[in-house]
$ cat target-v8.cif   # mmCIF, C-alpha atoms
data_final
#
loop_
_atom_site.label_atom_id
_atom_site.label_comp_id
_atom_site.auth_asym_id
_atom_site.auth_seq_id
_atom_site.Cartn_x
_atom_site.Cartn_y
_atom_site.Cartn_z
CA MET E 3 6.74 29.70 -24.68
CA SER E 4 5.94 27.34 -27.56
CA ASP E 5 2.93 27.93 -29.76
CA ASP E 6 1.74 24.42 -28.90
CA LEU E 7 1.77 25.07 -25.16
CA GLN E 8 0.14 28.46 -25.61
CA GLN E 9 -2.59 26.81 -27.66
CA LYS E 10 -3.18 24.21 -24.95
CA ILE E 11 -3.33 26.92 -22.31
CA THR E 12 -5.71 28.96 -24.43
CA GLU E 13 -7.94 25.91 -24.88
CA ALA E 14 -7.83 25.12 -21.16
CA ILE E 15 -8.85 28.62 -20.09
CA ARG E 16 -11.53 28.91 -22.77
CA ASP E 17 -13.69 26.68 -20.62
CA PRO E 18 -12.00 26.40 -17.23
CA LYS E 19 -13.41 23.82 -14.89
CA ASN E 20 -14.23 24.18 -11.22
CA ILE E 21 -13.84 27.93 -10.84
CA GLY E 22 -15.33 29.64 -7.83
CA GLU E 23 -15.81 29.44 -4.12
CA MET E 24 -17.30 26.28 -2.67
CA PRO E 25 -19.83 26.64 0.14
CA ASN E 26 -19.29 24.24 3.02
CA ALA E 27 -15.89 23.11 1.82
CA ASP E 28 -14.06 20.67 4.07
CA ALA E 29 -10.69 22.30 3.39
CA ILE E 30 -9.32 25.53 1.97
CA GLY E 31 -5.79 26.30 0.91
CA THR E 32 -4.42 29.66 -0.11
CA VAL E 33 -1.02 30.32 -1.52
CA GLY E 34 0.41 33.59 -2.69
CA ASN E 35 3.54 34.60 -4.48
CA ALA E 36 4.45 37.94 -3.01
CA ALA E 37 7.09 38.45 -5.67
CA CYS E 38 4.54 38.66 -8.45
CA GLY E 39 1.31 39.49 -6.68
CA GLU E 40 -0.30 36.18 -7.52
CA MET E 41 -2.73 34.28 -5.41
CA LEU E 42 -4.46 30.97 -5.79
CA ARG E 43 -7.03 29.54 -3.44
CA MET E 44 -8.45 26.03 -3.54
CA TRP E 45 -11.53 24.54 -1.90
CA ILE E 46 -11.93 20.81 -1.36
CA LYS E 47 -14.89 18.63 -0.46
CA TYR E 48 -14.42 15.04 0.59
CA LYS E 49 -16.67 12.01 0.46
CA GLU E 50 -16.49 8.43 1.66
CA GLN E 51 -15.89 5.87 -1.05
CA GLY E 52 -15.13 2.24 -0.42
CA GLY E 53 -14.30 2.98 3.20
CA LYS E 54 -11.79 5.64 2.20
CA LYS E 55 -11.93 9.42 2.33
CA VAL E 56 -11.53 10.69 -1.20
CA ILE E 57 -11.78 14.07 -2.88
CA ASP E 58 -15.30 14.55 -4.15
CA LYS E 59 -14.81 17.97 -5.70
CA ALA E 60 -12.21 20.72 -5.80
CA THR E 61 -12.66 24.31 -6.92
CA PHE E 62 -10.31 27.26 -7.16
CA GLN E 63 -9.91 30.97 -7.67
CA SER E 64 -6.89 32.54 -9.27
CA PHE E 65 -6.19 36.07 -10.32
CA GLY E 66 -3.83 37.26 -12.95
CA CYS E 67 -2.09 34.29 -14.45
CA GLU E 68 -3.73 32.30 -17.20
CA THR E 69 -1.22 29.44 -16.90
CA ALA E 70 -2.09 29.00 -13.23
CA ILE E 71 -5.77 29.01 -14.16
CA ALA E 72 -5.16 26.36 -16.81
CA VAL E 73 -3.12 24.17 -14.45
CA ALA E 74 -5.63 24.59 -11.61
CA SER E 75 -8.48 23.71 -13.95
CA LEU E 76 -6.74 20.50 -14.99
CA ALA E 77 -5.52 19.67 -11.48
CA THR E 78 -8.95 20.00 -9.88
CA GLU E 79 -10.21 17.44 -12.38
CA LEU E 80 -7.24 15.10 -11.91
CA ILE E 81 -7.45 14.92 -8.11
CA ARG E 82 -11.12 14.02 -8.04
CA GLY E 83 -11.56 10.56 -6.55
CA LYS E 84 -8.06 10.47 -5.07
CA THR E 85 -7.33 10.16 -1.39
CA PRO E 86 -5.58 13.16 0.20
CA GLU E 87 -2.39 11.10 0.34
CA GLU E 88 -2.58 10.24 -3.34
CA ALA E 89 -3.24 13.87 -4.25
CA LEU E 90 -0.36 15.05 -2.07
CA ALA E 91 1.97 12.64 -3.86
CA MET E 92 1.31 14.30 -7.21
CA LYS E 93 4.15 16.42 -8.53
CA PRO E 94 3.70 19.79 -10.22
CA GLU E 95 4.38 18.26 -13.64
CA GLU E 96 1.64 15.72 -13.00
CA LEU E 97 -0.80 18.39 -11.94
CA SER E 98 -0.28 20.27 -15.17
CA GLY E 99 -1.57 17.14 -16.90
CA GLU E 100 -2.06 17.38 -20.62
CA LEU E 101 -0.36 20.77 -20.77
CA GLY E 102 2.86 18.79 -20.62
CA PRO E 103 6.19 20.17 -19.45
CA LEU E 104 6.12 23.87 -18.66
CA PRO E 105 8.96 26.22 -19.60
CA PRO E 106 11.10 27.53 -16.71
CA MET E 107 9.28 30.85 -16.46
CA LYS E 108 5.97 29.03 -16.06
CA ILE E 109 6.95 26.22 -13.70
CA HIS E 110 6.03 28.29 -10.68
CA CYS E 111 2.45 28.41 -11.99
CA ALA E 112 2.16 24.67 -11.41
CA GLU E 113 3.97 25.05 -8.10
CA LEU E 114 1.38 27.63 -7.12
CA VAL E 115 -1.36 25.05 -7.72
CA GLU E 116 0.59 22.40 -5.84
CA GLY E 117 1.07 24.82 -2.94
CA ALA E 118 -2.63 25.63 -2.71
CA LEU E 119 -3.47 21.94 -2.88
CA ARG E 120 -0.99 21.12 -0.12
CA ALA E 121 -2.26 23.99 2.02
CA ALA E 122 -5.81 22.67 1.65
CA LEU E 123 -5.03 19.00 2.19
CA GLN E 124 -2.69 19.54 5.12
CA GLY E 125 -4.57 22.42 6.71
CA ASN E 126 -7.37 22.39 9.18
CA ALA E 127 -10.99 22.38 8.14
CA PRO E 128 -12.29 25.94 7.95
CA SER E 129 -15.13 27.15 10.05
CA GLU E 130 -18.35 27.70 8.11
CA GLY E 131 -16.57 27.18 4.84
CA GLN E 132 -15.16 30.66 4.82
CA ALA E 133 -11.90 31.54 3.21
CA PRO E 134 -9.06 32.90 5.32
CA SER E 135 -9.68 36.58 5.92
CA SER E 136 -6.26 37.77 4.83
CA PRO E 137 -4.96 36.58 1.48
CA GLN E 138 -1.20 36.42 1.44
CA SER E 139 -0.69 38.65 -1.55
CA PRO E 140 -2.48 41.45 -3.36
CA THR E 141 -5.34 40.40 -5.58
CA LEU E 142 -7.87 42.11 -7.78
CA LEU E 143 -10.08 42.18 -4.73
CA ASP E 144 -7.47 44.15 -2.82
CA LYS E 145 -7.53 46.71 -5.59
CA ILE E 146 -11.26 47.20 -5.64
CA ALA E 147 -12.66 46.66 -2.16
CA PRO E 148 -13.02 48.06 0.33
CA PRO E 149 -12.37 51.53 -1.01
CA LYS E 150 -9.55 53.23 0.76
CA GLN E 151 -10.34 56.12 3.03
CA GLY E 152 -8.32 59.10 4.11
CA GLY E 153 -5.90 61.38 2.37
CA ILE E 154 -8.09 61.82 -0.69
CA LYS E 155 -8.82 65.35 -1.81
CA ILE E 156 -11.55 66.04 -4.30
CA GLN E 157 -10.94 69.05 -6.50
CA PHE E 158 -14.01 69.98 -8.50
CA LEU E 159 -13.42 71.20 -12.01
CA PRO E 160 -15.10 74.38 -13.19
CA PRO E 161 -18.17 73.76 -15.33
CA GLU E 162 -17.49 73.82 -19.02
CA LYS E 163 -18.99 76.71 -20.91
CA PRO E 164 -21.56 75.65 -23.46
CA MET H 23 -1.48 57.96 -30.76
CA THR H 24 -0.09 54.92 -32.53
CA ILE H 25 1.41 52.37 -30.17
CA GLY H 26 4.43 50.43 -31.34
CA PRO H 27 7.64 48.84 -30.07
CA GLN H 28 9.22 52.21 -29.33
CA SER H 29 6.23 53.54 -27.39
CA PHE H 30 6.81 54.38 -23.78
CA MET H 31 4.96 52.17 -21.32
CA ARG H 32 3.07 55.18 -19.95
CA ASP H 33 1.68 55.71 -23.44
CA VAL H 34 0.88 52.02 -23.83
CA LEU H 35 -1.10 52.11 -20.58
CA GLU H 36 -2.82 55.32 -21.61
CA ALA H 37 -3.91 53.83 -24.91
CA TYR H 38 -4.71 50.40 -23.47
CA PRO H 39 -5.76 50.73 -19.80
CA GLY H 40 -5.95 46.95 -19.46
CA ALA H 41 -2.44 46.42 -20.80
CA GLN H 42 -0.90 45.75 -17.40
CA ARG H 43 -3.50 43.10 -16.63
CA ALA H 44 -2.92 41.58 -20.06
CA LEU H 45 0.87 41.61 -19.68
CA PHE H 46 0.74 40.04 -16.26
CA GLY H 47 -1.84 37.46 -17.23
CA ARG H 48 0.23 36.00 -20.03
CA TYR H 49 3.83 37.03 -19.41
CA HIS H 50 4.08 37.77 -15.70
CA ILE H 51 5.10 41.34 -16.36
CA GLY H 52 3.89 44.21 -14.23
CA GLY H 53 2.50 42.41 -11.22
CA CYS H 54 4.64 44.28 -8.74
CA ALA H 55 7.92 46.14 -8.37
CA SER H 56 10.06 43.08 -8.99
CA CYS H 57 8.47 42.20 -12.30
CA GLY H 58 7.22 45.66 -13.13
CA PHE H 59 8.30 48.29 -15.61
CA GLN H 60 9.00 51.97 -15.63
CA PRO H 61 6.68 54.35 -17.43
CA THR H 62 9.73 55.68 -19.26
CA GLU H 63 10.74 52.26 -20.63
CA THR H 64 9.72 51.37 -24.15
CA LEU H 65 7.71 48.27 -24.89
CA GLN H 66 10.70 46.96 -26.82
CA GLN H 67 12.96 47.36 -23.77
CA VAL H 68 10.45 45.61 -21.52
CA CYS H 69 10.22 42.70 -23.97
CA GLU H 70 14.01 42.44 -24.32
CA ARG H 71 14.62 42.09 -20.59
CA ASN H 72 11.83 39.52 -20.27
CA ASN H 73 13.38 36.61 -22.13
CA ASN H 74 13.46 38.55 -25.38
CA LEU H 75 9.74 38.29 -25.90
CA ASN H 76 8.56 38.87 -29.43
CA VAL H 77 7.37 42.46 -29.29
CA SER H 78 4.93 42.00 -32.16
CA GLU H 79 3.32 39.06 -30.40
CA VAL H 80 3.13 41.05 -27.17
CA LEU H 81 1.54 43.99 -28.97
CA ASP H 82 -0.99 41.68 -30.59
CA HIS H 83 -1.85 40.25 -27.18
CA ILE H 84 -2.32 43.74 -25.70
CA ARG H 85 -4.57 44.73 -28.58
CA THR H 86 -6.60 41.52 -28.45
CA SER H 87 -7.06 41.90 -24.71
CA HIS H 88 -8.08 45.50 -25.26
CA GLU H 89 -10.73 44.36 -27.72
CA GLN H 90 -11.98 41.87 -25.13
CA ASP H 91 -12.03 44.65 -22.55
CA ALA H 92 -13.97 46.84 -24.97
CA LYS H 93 -16.76 44.27 -25.00
CA LEU H 94 -17.13 44.80 -21.26
CA LEU H 95 -17.64 48.52 -21.61
CA ILE H 96 -21.04 50.13 -21.67
CA ALA H 97 -21.54 53.60 -23.12
CA PRO H 98 -23.08 56.24 -20.84
CA LYS H 99 -26.10 56.54 -23.13
CA GLU H 100 -26.68 52.80 -23.05
CA LEU H 101 -26.48 52.82 -19.27
CA ALA H 102 -28.96 55.69 -19.18
CA ARG H 103 -31.39 53.49 -21.10
CA LEU H 104 -30.83 50.59 -18.71
CA ARG H 105 -31.51 52.88 -15.77
CA GLU H 106 -34.80 53.99 -17.31
CA GLN H 107 -35.78 50.33 -17.49
CA ASN H 108 -34.48 49.82 -13.96
CA SER H 109 -32.74 46.73 -15.26
CA ALA H 110 -29.21 47.09 -13.93
CA LYS H 111 -27.51 47.38 -10.60
CA LEU H 112 -24.82 50.01 -10.37
CA VAL H 113 -21.79 49.35 -8.19
CA ASP H 114 -19.40 52.23 -7.56
CA VAL H 115 -15.83 51.12 -6.85
CA ARG H 116 -14.35 54.56 -6.06
CA SER H 117 -13.33 55.73 -2.61
CA ARG H 118 -15.97 56.78 -0.11
CA GLU H 119 -14.81 60.40 -0.38
CA GLU H 120 -15.36 60.42 -4.11
CA TYR H 121 -18.69 58.67 -3.80
CA GLU H 122 -19.93 61.14 -1.19
CA ALA H 123 -18.78 64.05 -3.33
CA VAL H 124 -20.57 62.88 -6.44
CA HIS H 125 -22.38 59.73 -7.49
CA ILE H 126 -25.06 58.47 -9.81
CA ASP H 127 -28.44 58.16 -8.13
CA GLY H 128 -29.17 54.58 -7.22
CA SER H 129 -25.57 53.45 -7.39
CA LEU H 130 -24.14 51.56 -4.44
CA LEU H 131 -20.70 52.16 -2.98
CA LEU H 132 -18.78 48.91 -2.91
CA SER H 133 -17.98 48.08 0.68
CA GLN H 134 -17.08 44.86 2.44
CA PRO H 135 -20.70 44.22 3.54
CA LEU H 136 -21.97 44.98 0.05
CA MET H 137 -19.35 42.67 -1.43
CA GLN H 138 -20.58 39.87 0.83
CA GLU H 139 -24.16 40.55 -0.14
CA ILE H 140 -23.32 40.57 -3.85
CA MET H 141 -21.42 37.31 -3.61
CA SER H 142 -24.00 35.52 -1.52
CA LYS H 143 -27.32 36.89 -2.73
CA TRP H 144 -27.22 38.66 -6.06
CA PRO H 145 -28.28 36.53 -9.03
CA ARG H 146 -25.33 35.77 -11.29
CA SER H 147 -27.43 36.62 -14.36
CA GLU H 148 -28.31 40.12 -13.20
CA ALA H 149 -26.94 43.10 -15.10
CA LEU H 150 -24.18 44.65 -13.04
CA VAL H 151 -22.48 47.88 -14.06
CA ILE H 152 -19.22 48.94 -12.47
CA ILE H 153 -18.58 52.65 -12.07
CA ASP H 154 -15.19 54.18 -11.43
CA HIS H 155 -13.79 57.66 -11.90
CA GLN H 156 -12.55 57.66 -15.48
CA GLY H 157 -12.99 54.12 -16.71
CA LYS H 158 -9.46 52.94 -15.99
CA THR H 159 -9.82 50.81 -12.88
CA GLY H 160 -13.36 49.51 -13.20
CA LEU H 161 -12.28 46.76 -15.55
CA ASP H 162 -10.33 45.14 -12.71
CA ALA H 163 -13.55 45.00 -10.70
CA ALA H 164 -15.47 43.72 -13.71
CA ALA H 165 -12.87 40.98 -14.17
CA TYR H 166 -13.23 40.05 -10.52
CA PHE H 167 -16.99 39.69 -10.73
CA LEU H 168 -16.75 37.83 -14.03
CA GLY H 169 -14.35 35.43 -12.34
CA HIS H 170 -17.02 34.80 -9.74
CA GLY H 171 -19.58 33.76 -12.27
CA PHE H 172 -21.46 37.00 -12.88
CA GLU H 173 -22.51 36.65 -16.48
CA ASN H 174 -23.66 40.17 -17.27
CA VAL H 175 -21.00 42.51 -15.94
CA ARG H 176 -20.18 45.76 -17.69
CA CYS H 177 -18.01 48.72 -16.86
CA LEU H 178 -19.10 52.30 -17.55
CA ARG H 179 -16.95 53.63 -20.37
CA GLY H 180 -15.12 56.69 -19.13
CA GLY H 181 -16.50 56.26 -15.61
CA ILE H 182 -18.54 58.86 -13.79
CA ASP H 183 -16.48 61.52 -15.51
CA ALA H 184 -17.97 60.54 -18.87
CA TRP H 185 -21.41 60.30 -17.29
CA SER H 186 -21.06 63.93 -16.14
CA GLN H 187 -20.06 65.04 -19.61
CA GLU H 188 -22.50 63.01 -21.66
CA ILE H 189 -25.57 62.42 -19.53
CA ASP H 190 -25.82 64.53 -16.40
CA PRO H 191 -23.86 67.81 -16.41
CA LYS H 192 -25.29 68.58 -12.96
CA LEU H 193 -22.86 66.03 -11.55
CA PRO H 194 -19.64 68.01 -11.17
CA ARG H 195 -16.46 66.68 -12.67
CA TYR H 196 -13.44 66.44 -10.40
CA ARG H 197 -9.85 65.45 -10.16
CA LEU H 198 -8.00 63.86 -7.31
CA GLY H 199 -5.48 65.94 -5.40
CA SER H 200 -2.96 64.79 -2.86
#
$ encode --input "target-v8.cif" --output "C-alpha cells"
Amino acid sequence: MSDDLQQKITEAIRDPKNIGEMPNADAIGTVGNAACGEMLRMWIKYKEQGGKKVIDKATFQSFGCETAIAVASLATELIRGKTPEEALAMKPEELSGELGPLPPMKIHCAELVEGALRAALQGNAPSEGQAPSSPQSPTLLDKIAPPKQGGIKIQFLPPEKP
Amino acid sequence: MTIGPQSFMRDVLEAYPGAQRALFGRYHIGGCASCGFQPTETLQQVCERNNNLNVSEVLDHIRTSHEQDAKLLIAPKELARLREQNSAKLVDVRSREEYEAVHIDGSLLLSQPLMQEIMSKWPRSEALVIIDHQGKTGLDAAAYFLGHGFENVRCLRGGIDAWSQEIDPKLPRYRLGS
C-alpha cells in the first residue's frame, strides 16, 4: 500500500464520521466476510425532501479493518441527501471517495461497504430499529459476550509463600 | 525478550498481546484460518507470504499499536484507588465458571442482558474497567466499547490474576484446564 493512501486512511480514521448504532433506523444492512472474519453493519434514516425520499443520515459499525472504517466513514457522508436509487448506483470506487483507487488487497474493503449499503437499501425496514440478531461473521462482540459456558475447568494455584 | 523479524509469532503475541488485532486491522492478517499464521512461523515468513510486506514497517505498526493499547491499561493499584472512590464500573468478561470461582467484589459478569443495559443506559462518559483473566483478551472488549462511544474505558493490566497478586491475595489465582 502506498504511503499516500496509508496517510489518507490514517487521517480518515483519526476522526471517523457516523460511527455507532442508530436508534429508530429505517433500514439496516449487515455484511460479513467469512473468509477474514470481518463484519460491517450500516444503519440508514430517510427523510422527505422535495417530494423524494432521500437519505437523511447513515451510520455504521465495523470491526477489525481500518480501511473499511475509512471507506464507511467517507461513504456515509457521500450518500447523505441521495435517493436510495442514486446511492445504489454508486460503485465501490466512488464510495471510497477521496481515498482514491484502492490496491487489490484492499478493494474488498470498499466492496464490504457497498454490500452493507445494498443490504440496507434493498432490505426490509427492521422492527424497532434493532440490528439482526445473528451477525454473519465473528466479531469482537462474539469474542467477548456472552461468556461461553461448559467444559471449563478451574484449577486453583497453591498460594505463594511469603 | 527482544522481538524482531526472526521471532516466532507465538513470541510476538506473547510480547504484544494486541498484535493480532493490529495485524488484522491494517494488513488483514490473522483474522481466521485462511489469513492466519502459525505460532511457529516467524514474523519475516508471515510478511513474505503476505505480498512481501516490509517487516520493519509491520514491526513498527505492532509496537505503535501496543503503545496505544498500553494507554488503555489501568494498573491494579490505580483501580484499587478508583474503587475506593466508587468511581468506576467493573465489567468482567471471563466465563461464568471463572467469575463464580473468583471475582472482584462489585464487578459485573458481562452477559447479554448486561450488554444491552450498558449499551442503552450507561453514560458514555462513565469510567468502565474491563477485567479478564490475565490481561490478554480484555483489550478486545475495551476496543468494542470504545467503538461504541464509551470515552473512559480501561482494561485491568494483568487481569484478575494481577489483582490477586498485587491487591487482594485472598482471591485465589487459577489456571484453566481442559
$ closest_residue --input "target-v8.cif" --among "H:Asn76, H:Gln107, H:Ser147, H:Asn174" --to "chain E" --atoms "all atoms listed in the file"
H:Asn76
$ atom_distance --input "target-v8.cif" --atom1 "atom CA of E:Thr61" --atom2 "atom CA of H:Val175"
22.0 Å
$ residues_around --input "target-v8.cif" --residues "stretch 20-22 of chain E" --least-positions-apart "4" --cutoff "10 Å" --atoms "all atoms listed in the file" --output "list in words"
Arg43, Met44, Trp45, Lys59, Ala60, Thr61, Phe62, Gln63, Ser64, Ile71, Ala74, Ser75, Leu76, Ala77, Thr78 and Glu79 of chain E; Gly169, His170 and Gly171 of chain H
$ interface_residues --input "target-v8.cif" --of "chain H" --to "chain E" --cutoff "9 Å" --atoms "only C-alpha atoms" --output "PyMOL selection string"
chain H and resi 43-44+46-58+115-120+123+131-134+137+159-160+162-163+165-166+169-171+191+194-200
$ atom_distance --input "target-v8.cif" --atom1 "atom CA of H:Gln156" --atom2 "atom CA of H:Arg179"
7.7 Å
$ closest_residue --input "target-v8.cif" --among "H:Ser129, H:Glu79, H:Asp33, H:Ala110" --to "H:Gln60" --atoms "only C-alpha atoms"
H:Asp33
$ atom_distance --input "target-v8.cif" --atom1 "atom CA of H:Trp144" --atom2 "atom CA of H:Leu161"
19.5 Å
$ resolve_selection --input "target-v8.cif" --expression "the PyMOL selection byres ((chain H and resi 125) around 10)" --output "list in words"
Asp114, Arg116, Glu120, Tyr121, Glu122, Ala123, Val124, Ile126, Asp127, Gly128, Ser129, Leu130, Leu131, Ile153, Asp154, His155, Ile182, Trp185, Ser186, Leu193 and Pro194 of chain H
$ resolve_selection --input "target-v8.cif" --expression "the PyMOL selection byres ((chain H and resi 26) around 12)" --output "NGL selection string"
:H and (23-25 or 27-31 or 33-34 or 37 or 64-67 or 77-82 or 84-85)
$ resolve_selection --input "target-v8.cif" --expression "the PyMOL selection byres ((chain H and resi 95) around 7)" --output "PyMOL selection string"
chain H and resi 91-94+96-97+176-179
